[in-house]
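Peer 1: Just dropping this structure here.
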Amino acid sequence: MDVSVELCSYPELDDRIVIVRAGDEVDGVFVRTERFNVLIDTLGTPELCRMALDLLEEKAADRPLIVINSHMDWDHFWGNAVITGRAPIIAHAAALDRLRDPSAQQILRDKASQEWRFRNVELVGPDITFSDSMVLNGGDLTLELIHTPGHTPDHVAAWIPELRICLAVDAVEYPIPEVWSKSAEDLRLIRSSLERIRDLNARLVIPAHGRTSSPSMVKANLGYFEALADRVDGLSESQLEDGELSRSSGFRLEDFVTIPAGMPLDTVTFYRNCHDTNLGATVQAHIEKRNHA
């Protein structure tokens with residue numbers, strides 16, 4: 001699959017912030033401050049990251065670069081090798097655990113066997129890690145890096161208080177986000193992270209997927225999880241054990257959200273799988289709540 005990079009924006013988005021769009025794959029974000037530039041995520045391959053840096057060269061204005069890995073999902077950090085030696089890479093401490101897990105190399109082997117563009121990817125981790133939160137003071141703009149787990153254990157969002165803009169990455173997603181696993185704890189974490197972002201009362205919320213900047217997406221994502229919980233609370237014992245529940249009438253993805261018109265079939269399949277995981281976690285949460293009642 002051929003993917004190219006373009007620089008774009010949203011209405012009302014400050015011109016110090018640029019969306020770095022790698023086709024339909026993922027959006028990174030570039031932020032220009034008085035003291036330094038920040039690139040949130042290096043995209044899915046070294047070539048895409050290099051392409052992005054070339055396009056951003058004019059906007060960089062000879063300021064030093066800082067790179068943030070929002071989390072260790074392949075489409076967000078597989079361009080890291082291009083950054084080595086030219087900028088520090090910051091991530092949450094849990095990113096190192098994910099990087100060291102054998103599954104990280106297995107995912108790379110699998111994708112490299114499917115698409116040639118991944119064959120020269122080298123897994124490069126962060127130089128600097130933090131827990132809970134970290135603040136980058138750029139002079140005119142502040143970037144508060146907030147640990148927002150649930151989608152993944154290492155997920156980080158960025159809050160720019162001067163502009164009331166939240167760079168939510170994958171903590172918020174259109175049409176739905178995906179919980180890390182079918183566990184009640186991960187479901188609790190993603191809902192807590194969404195509530196934390198909602199409580200920022202942001203003017204704009206920019207996710208990495210879905211091409212939206214509307215803060216209403218946060219409430220929509222929370223509403224989706226609340227509707228899942230309400231629906232699961234009405235299930236019988238036998239229905240709770242149904243491994244195909246997400247394909248049953250009333251529990252399908254389209255029973256909770258509108259699937260965007262024109263969305264490619266493989267993308268719809270992806271979000272159906274996300275929904276299946278979310279529903280499984282919701283069922284687990286219901287069972288645990290019932291057992292502790």
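In the structure tokens, chains take letters A, B, ... by order of appearance, with residues numbered from 1 within each chain and ligands from 1 in the order shown.
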Tell me which protein, DNA and RNA residues are within 9 Å of Phe251 of chain A, counting only C-alpha atoms, leaving out same-chain ones fewer than 6 positions away, and put them as a count of residues only.
Peer 2: 5
Peer 1: When you look at Glu185 of chain A with a cut-off of 9 Å (counting only C-alpha atoms), what residues show up, excluding the ones that are within fewer than 6 positions of it in the same chain? I need them as a list in words.
Peer 2: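 That gives Gly150, Ala281 and Ala285 of chain A.
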Peer 1: Could you write out the selected residues, including C-alpha atoms, as a compact mmCIF listing (two decimals), in the first residue's frame?
Peer 2:
```
# COMPACT_ATOMS: atom_id res chain seq x y z
CA GLY A 150 -6.84 2.16 28.56
CA ALA A 281 -14.44 -6.00 28.42
CA ALA A 285 -16.88 -5.74 34.08
```
Peer 1: Would you mind listing what lies within 10 Å of Trp159 of chain A as a count of residues only, with only C-alpha atoms counted and same-chain residues fewer than 6 positions away left out?
Peer 2: 14
Peer 1: Between A:Pro102, A:Pro153, A:Pro88, A:Pro11, which one has atoms that come closest to Asn37 of chain A, using only C-alpha atoms?
Peer 2: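 For Asn37 of chain A, the nearest of the given residues is A:Pro88.
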Peer 1: Skipping near chain neighbours, those fewer than 6 positions away, what residues fall within 9 Å of segment 115-132 of chain A using only C-alpha atoms, listed as JSON, numbers by chain?
Peer 2: {"A": [1, 2, 44, 45, 46, 47, 67, 68, 69, 72, 77, 78, 79, 80, 81, 84, 88, 89, 90, 91, 92, 93, 94, 95, 96, 99, 104, 105, 108, 109, 145, 146, 147, 148, 156]}
